[in-house]
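Have a look at the structure below before the remarks.
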There are 2 protein chains.
Amino acid sequence: MKLLEDRIRQEGIVLPHNVLKVDSFLNHQVDPELMSAVGKEFAKRFADKPVTKILTVESSGIAPAVMTGLALHVPVIFARKHKSLTLTDDLYTADVYSYTKQTTNKISIAKRFIEPNDSVLIIDDFLANGQAVEGLLTIADAAQIQVQGIGIVIEKTFQKGRDIITKRDIQLEALAQISSLENGQVQFAN
Amino acid sequence: MKLLEDRIRQEGIVLPHNVLKVDSFLNHQVDPELMSAVGKEFAKRFADKPVTKILTVESSGIAPAVMTGLALHVPVIFARKHKSLTLTDDLYTADVYSYTKQTTNKISIAKRFIEPNDSVLIIDDFLANGQAVEGLLTIADAAQIQVQGIGIVIEKTFQKGRDIITKRDIQLEALAQISSLENGQVQFAN
């Protein structure tokens, strides 16, 4: 998606340990018009899939997920992050390790919002090592619902996230694919 | 806003200690079409204000704020919540006490996203005791920017949030105003 790649080129900041900071339009400051374009693009790419709900994780996934939900006319559920949880009877939960923050969070979704007939799309801001997506897949498995596809705003193709998804034969769409951040330079795949 | 009041009547769950749970369309599951209507309504109510940016707090403020930003064609900044912060040189920060969770979080916004000429609208999901809004006002004061208005999706008029805002002579718009949750019943003001 050219619009997105241009913004990454112009405003992305490469930090040590392969971190790409895009907090001027995605993670902290959000560009609603870009998010709207992102949502419409995901809706187009998954147009043939019977999607009843969108799953994402708070907080940076919310803006692109809600715009996708608007384009597809389906509700969005954002999984909550918690350091620890004691009462989990009514929740589907999964552990998500963050390589950037080196902490494990539990993510959770209330059981009453996922029904056996749901067929979901997972949307997230980044795909790197795939921990957040894996957590959502664990929840989808526990809820016995079908994952129709995974839409990622920015993928770092040199990390292992993609393998986790393609291994499961799920359609993966990334709107910008970054193949390297070496020497502080953003290299796009293709 | 009738559309919103209807949803609160149909789906809102009143919990002890004056907590209204609306996690089927606002706080956990999000209805993108309702959020779009909310955004357009805020844009209409603040149409005469020179707004350059929208401020909100993660996570539940993001969906209504981004939809308002889309309607007003301005960026949205969501303040980050942290349990504690050590490096705060490049951040505006404020303490926010949560009565529901009985914890204090620091919220922060990167200084580089707020400029002296900015003139902002604050959007949030709930106004109860006004702690989150007060935190954002503290940040706006530190950044020496003007707050043009405050837009709240659901206000509990029987708590003290409104006083904090009107004391400062800032336009406050709440799309649903709840005057009582006594006996498990939602009563709307007017």
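By order of appearance in the structure tokens: chains A, B, ..., then residues from 1 within every chain, and ligands from 1 in the order shown.
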Write out as a Markdown table the residues of chain B that have any atom within 9 Å of an atom of chain A, one row each with the nearest atom pair and its distance in Å to one decimal, counting only C-alpha atoms, sorted by chain and then rising number.
| residue | atom | partner | partner_atom | distance |
| --- | --- | --- | --- | --- |
| B:Ser24 | CA | A:Phe113 | CA | 7.5 |
| B:Phe25 | CA | A:Pro75 | CA | 8.0 |
| B:Asn27 | CA | A:Phe78 | CA | 8.4 |
| B:His28 | CA | A:Phe78 | CA | 5.6 |
| B:Gln29 | CA | A:Ile77 | CA | 4.1 |
| B:Val30 | CA | A:Val76 | CA | 5.1 |
| B:Asp31 | CA | A:Pro75 | CA | 5.0 |
| B:Pro32 | CA | A:Leu70 | CA | 5.0 |
| B:Glu33 | CA | A:Leu70 | CA | 5.9 |
| B:Met35 | CA | A:Val66 | CA | 8.8 |
| B:Ser36 | CA | A:Leu70 | CA | 7.9 |
| B:Glu58 | CA | A:Ser59 | CA | 6.3 |
| B:Ser59 | CA | A:Ser59 | CA | 5.5 |
| B:Ser60 | CA | A:Ser59 | CA | 8.7 |
| B:Ile62 | CA | A:Ala63 | CA | 6.8 |
| B:Ala63 | CA | A:Ala63 | CA | 6.4 |
| B:Val66 | CA | A:Pro32 | CA | 5.6 |
| B:Met67 | CA | A:Pro32 | CA | 7.1 |
| B:Thr68 | CA | A:Pro32 | CA | 8.6 |
| B:Gly69 | CA | A:Pro32 | CA | 5.9 |
| B:Leu70 | CA | A:Pro32 | CA | 5.0 |
| B:Ala71 | CA | A:Pro32 | CA | 8.8 |
| B:His73 | CA | A:Glu33 | CA | 7.3 |
| B:Val74 | CA | A:Pro32 | CA | 7.5 |
| B:Pro75 | CA | A:Asp31 | CA | 5.0 |
| B:Val76 | CA | A:Val30 | CA | 5.1 |
| B:Ile77 | CA | A:Gln29 | CA | 4.1 |
| B:Phe78 | CA | A:His28 | CA | 5.5 |
| B:Ala79 | CA | A:His28 | CA | 7.1 |
| B:Arg80 | CA | A:His28 | CA | 7.5 |
| B:Ile109 | CA | A:His28 | CA | 7.9 |
| B:Ala110 | CA | A:His28 | CA | 8.3 |
| B:Phe113 | CA | A:Gln29 | CA | 7.3 |
Compile the contact shell of region 166-176 of chain A as number ranges by chain: residues with an atom at most 10 Å away, counting only C-alpha atoms, same-chain residues fewer than 4 positions apart removed. A: 1-6, 8, 38, 41-42, 45-46, 121-127, 137, 146-157, 161-162, 188-189
Output for the residues just chosen: N, CA and C atoms as a compact mmCIF listing (two decimals), in the first residue's frame:
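Now in again.txt:
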# COMPACT_ATOMS: atom_id res chain seq x y z
N MET A 1 0.86 -1.19 0.00
CA MET A 1 0.00 0.00 0.00
C MET A 1 0.90 1.25 0.00
N LYS A 2 0.91 1.92 -1.13
CA LYS A 2 1.87 2.99 -1.33
C LYS A 2 1.74 4.13 -0.30
N LEU A 3 0.52 4.54 -0.03
CA LEU A 3 0.24 5.61 0.93
C LEU A 3 0.93 5.33 2.27
N LEU A 4 0.85 4.06 2.70
CA LEU A 4 1.43 3.66 3.97
C LEU A 4 2.95 3.60 3.89
N GLU A 5 3.47 3.03 2.82
CA GLU A 5 4.93 2.96 2.66
C GLU A 5 5.54 4.36 2.64
N ASP A 6 4.86 5.28 1.97
CA ASP A 6 5.36 6.66 1.92
C ASP A 6 5.46 7.26 3.32
N ILE A 8 5.77 5.61 6.14
CA ILE A 8 6.85 4.95 6.88
C ILE A 8 8.20 5.54 6.47
N VAL A 38 -6.59 2.29 5.38
CA VAL A 38 -6.13 0.96 5.81
C VAL A 38 -7.34 0.01 5.98
N GLU A 41 -8.78 -0.96 2.66
CA GLU A 41 -7.89 -1.89 1.96
C GLU A 41 -8.04 -3.31 2.51
N PHE A 42 -8.10 -3.45 3.84
CA PHE A 42 -8.31 -4.78 4.42
C PHE A 42 -9.67 -5.34 3.97
N ARG A 45 -9.28 -6.71 0.55
CA ARG A 45 -8.48 -7.93 0.46
C ARG A 45 -9.17 -9.17 1.04
N PHE A 46 -10.10 -8.93 1.99
CA PHE A 46 -10.80 -10.06 2.60
C PHE A 46 -12.28 -10.07 2.18
N LEU A 121 -11.81 -12.15 11.63
CA LEU A 121 -10.62 -11.59 11.01
C LEU A 121 -9.80 -11.01 12.16
N ILE A 122 -8.50 -11.29 12.15
CA ILE A 122 -7.61 -10.69 13.17
C ILE A 122 -6.89 -9.52 12.51
N ILE A 123 -6.93 -8.37 13.17
CA ILE A 123 -6.24 -7.18 12.66
C ILE A 123 -5.26 -6.71 13.72
N ASP A 124 -4.03 -6.38 13.31
CA ASP A 124 -3.10 -5.79 14.29
C ASP A 124 -2.17 -4.80 13.59
N ASP A 125 -1.55 -3.95 14.39
CA ASP A 125 -0.68 -2.91 13.83
C ASP A 125 0.63 -3.48 13.29
N PHE A 126 1.26 -4.39 14.06
CA PHE A 126 2.56 -4.93 13.68
C PHE A 126 2.57 -6.45 13.70
N LEU A 127 3.35 -7.02 12.80
CA LEU A 127 3.67 -8.45 12.90
C LEU A 127 5.19 -8.54 12.91
N LEU A 137 -4.92 -16.31 18.20
CA LEU A 137 -5.22 -17.63 17.62
C LEU A 137 -5.52 -18.65 18.72
N GLN A 146 -13.64 -20.01 13.62
CA GLN A 146 -12.75 -20.03 12.47
C GLN A 146 -12.09 -18.68 12.25
N VAL A 147 -10.79 -18.70 11.97
CA VAL A 147 -10.08 -17.46 11.64
C VAL A 147 -9.98 -17.39 10.11
N GLN A 148 -10.66 -16.40 9.54
CA GLN A 148 -10.74 -16.28 8.08
C GLN A 148 -9.52 -15.60 7.48
N GLY A 149 -8.83 -14.82 8.29
CA GLY A 149 -7.68 -14.13 7.75
C GLY A 149 -7.03 -13.26 8.81
N ILE A 150 -5.82 -12.81 8.50
CA ILE A 150 -5.08 -11.94 9.41
C ILE A 150 -4.58 -10.73 8.62
N GLY A 151 -4.96 -9.55 9.07
CA GLY A 151 -4.55 -8.32 8.41
C GLY A 151 -3.60 -7.54 9.29
N ILE A 152 -2.43 -7.23 8.75
CA ILE A 152 -1.38 -6.57 9.52
C ILE A 152 -1.04 -5.25 8.82
N VAL A 153 -0.92 -4.18 9.59
CA VAL A 153 -0.57 -2.90 8.97
C VAL A 153 0.90 -2.94 8.52
N ILE A 154 1.81 -3.27 9.41
CA ILE A 154 3.24 -3.31 9.06
C ILE A 154 3.84 -4.65 9.49
N GLU A 155 4.38 -5.36 8.52
CA GLU A 155 5.04 -6.64 8.82
C GLU A 155 6.55 -6.50 8.71
N LYS A 156 7.26 -7.08 9.66
CA LYS A 156 8.71 -7.19 9.53
C LYS A 156 8.98 -8.62 9.08
N THR A 157 9.22 -8.75 7.77
CA THR A 157 9.31 -10.10 7.17
C THR A 157 10.54 -10.87 7.63
N GLY A 161 7.11 -14.06 12.67
CA GLY A 161 5.65 -14.03 12.75
C GLY A 161 4.92 -14.71 11.61
N ARG A 162 5.38 -14.44 10.38
CA ARG A 162 4.71 -14.99 9.20
C ARG A 162 4.64 -16.52 9.23
N PHE A 188 11.93 -2.05 2.04
CA PHE A 188 10.68 -2.76 1.83
C PHE A 188 10.92 -4.03 1.01
N ALA A 189 10.10 -5.04 1.29
CA ALA A 189 10.18 -6.28 0.49
C ALA A 189 9.69 -5.94 -0.92
Do a neighbour search on Ile145 (chain A) at 10 Å with only C-alpha atoms, toss out local chain neighbours closer than 6 positions, and write the hits as number ranges by chain. A: 114-120, 137, 139
Any chance you could export the current selection's N, CA and C atoms as a CSV table (one decimal), in the first residue's frame?
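selection-v6.csv was written with the following content:
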chain,number,residue,atom,x,y,z
A,114,ILE,N,-18.0,-14.0,21.9
A,114,ILE,CA,-17.7,-15.0,20.8
A,114,ILE,C,-18.6,-16.1,20.8
A,115,GLU,N,-19.3,-16.3,19.7
A,115,GLU,CA,-20.3,-17.4,19.6
A,115,GLU,C,-19.7,-18.5,18.6
A,116,PRO,N,-20.2,-19.7,18.8
A,116,PRO,CA,-19.7,-20.8,18.0
A,116,PRO,C,-19.7,-20.6,16.5
A,117,ASN,N,-20.7,-19.8,16.0
A,117,ASN,CA,-20.8,-19.6,14.6
A,117,ASN,C,-19.9,-18.4,14.1
A,118,ASP,N,-19.2,-17.7,15.0
A,118,ASP,CA,-18.4,-16.6,14.5
A,118,ASP,C,-17.3,-17.1,13.7
A,119,SER,N,-16.9,-16.2,12.8
A,119,SER,CA,-15.9,-16.4,11.8
A,119,SER,C,-15.1,-15.1,11.7
A,120,VAL,N,-13.9,-15.1,12.2
A,120,VAL,CA,-13.3,-13.8,12.5
A,120,VAL,C,-12.1,-13.4,11.6
A,137,LEU,N,-4.9,-16.3,18.2
A,137,LEU,CA,-5.2,-17.6,17.6
A,137,LEU,C,-5.5,-18.7,18.7
A,139,ILE,N,-6.9,-18.0,21.6
A,139,ILE,CA,-8.3,-17.7,22.0
A,139,ILE,C,-9.3,-18.2,21.0
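Note that the spacing between CA of Ile107 (chain B) and CA of His82 (chain A) amounts to 16.8 Å.
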Filtered DSSP result for region 3-189 of chain B, state strand (DSSP E), as an MDAnalysis selection string: chainID B and resid 13:15 19:21 29:30 53:57 76:82 91:98 103:110 119:127 146:156 172:180 187:188
CA of Thr104 (chain B) to CA of Thr88 (chain A), distance in Å rounded to a single decimal: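 So the answer is 23.3 Å.
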Please report, as a tab-separated table, each residue of region 24-118 of chain B lying at most 9 Å from region 130-133 of chain B, together with the nearest pair of atoms and the separation in Å rounded to one decimal; use only C-alpha atoms, and order rows by chain and ascending residue number.
residue	atom	partner	partner_atom	distance
B:Thr56	CA	B:Val133	CA	8.4
B:Val57	CA	B:Ala132	CA	7.4
B:Asp95	CA	B:Gln131	CA	8.6
B:Val96	CA	B:Gln131	CA	5.6
B:Tyr97	CA	B:Gln131	CA	6.2
B:Ser98	CA	B:Gln131	CA	7.1
B:Tyr99	CA	B:Gln131	CA	8.7
B:Ile107	CA	B:Ala132	CA	8.7
Write out, as a compact mmCIF listing (two decimals), in the first residue's frame, the residues just selected, with N, CA, C and O atoms.
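See selection-v2.txt below for the written result:
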# COMPACT_ATOMS: atom_id res chain seq x y z
N THR B 56 -6.96 11.93 23.62
CA THR B 56 -7.74 10.96 24.37
C THR B 56 -6.77 10.11 25.19
O THR B 56 -5.57 10.38 25.21
N VAL B 57 -7.32 9.10 25.88
CA VAL B 57 -6.49 8.19 26.68
C VAL B 57 -6.77 6.77 26.22
O VAL B 57 -7.93 6.43 25.94
N ASP B 95 -0.78 12.22 36.66
CA ASP B 95 -1.29 11.06 37.41
C ASP B 95 -2.80 10.99 37.28
O ASP B 95 -3.49 12.00 37.38
N VAL B 96 -3.30 9.80 37.06
CA VAL B 96 -4.75 9.59 36.95
C VAL B 96 -5.16 8.47 37.91
O VAL B 96 -4.69 7.33 37.78
N TYR B 97 -6.02 8.82 38.85
CA TYR B 97 -6.51 7.82 39.80
C TYR B 97 -7.78 7.18 39.25
O TYR B 97 -8.67 7.88 38.77
N SER B 98 -7.86 5.87 39.27
CA SER B 98 -9.08 5.18 38.83
C SER B 98 -9.86 4.73 40.06
O SER B 98 -9.38 3.91 40.85
N TYR B 99 -11.07 5.27 40.23
CA TYR B 99 -11.92 4.87 41.35
C TYR B 99 -12.37 3.41 41.21
O TYR B 99 -12.49 2.69 42.17
N ILE B 107 -0.32 8.91 32.96
CA ILE B 107 -0.58 8.96 31.52
C ILE B 107 0.46 9.89 30.92
O ILE B 107 0.96 10.81 31.57
Give me, as an MDAnalysis selection string, the residues of region 1-188 of chain A that a backbone DSSP run labels alpha helix (DSSP H). chainID A and resid 2:11 32:45 62:72 131:142 161:166
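Coordinates place CA of Ala94 (chain B) at a distance of 19.0 Å from CA of Lys160 (chain B).
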Asn190 (chain A) surroundings by only C-alpha atoms, 10 Å radius, close-in-sequence under 6 positions cut, as a list of chain:residue names: A:Gln177, A:Ile178, A:Ser179
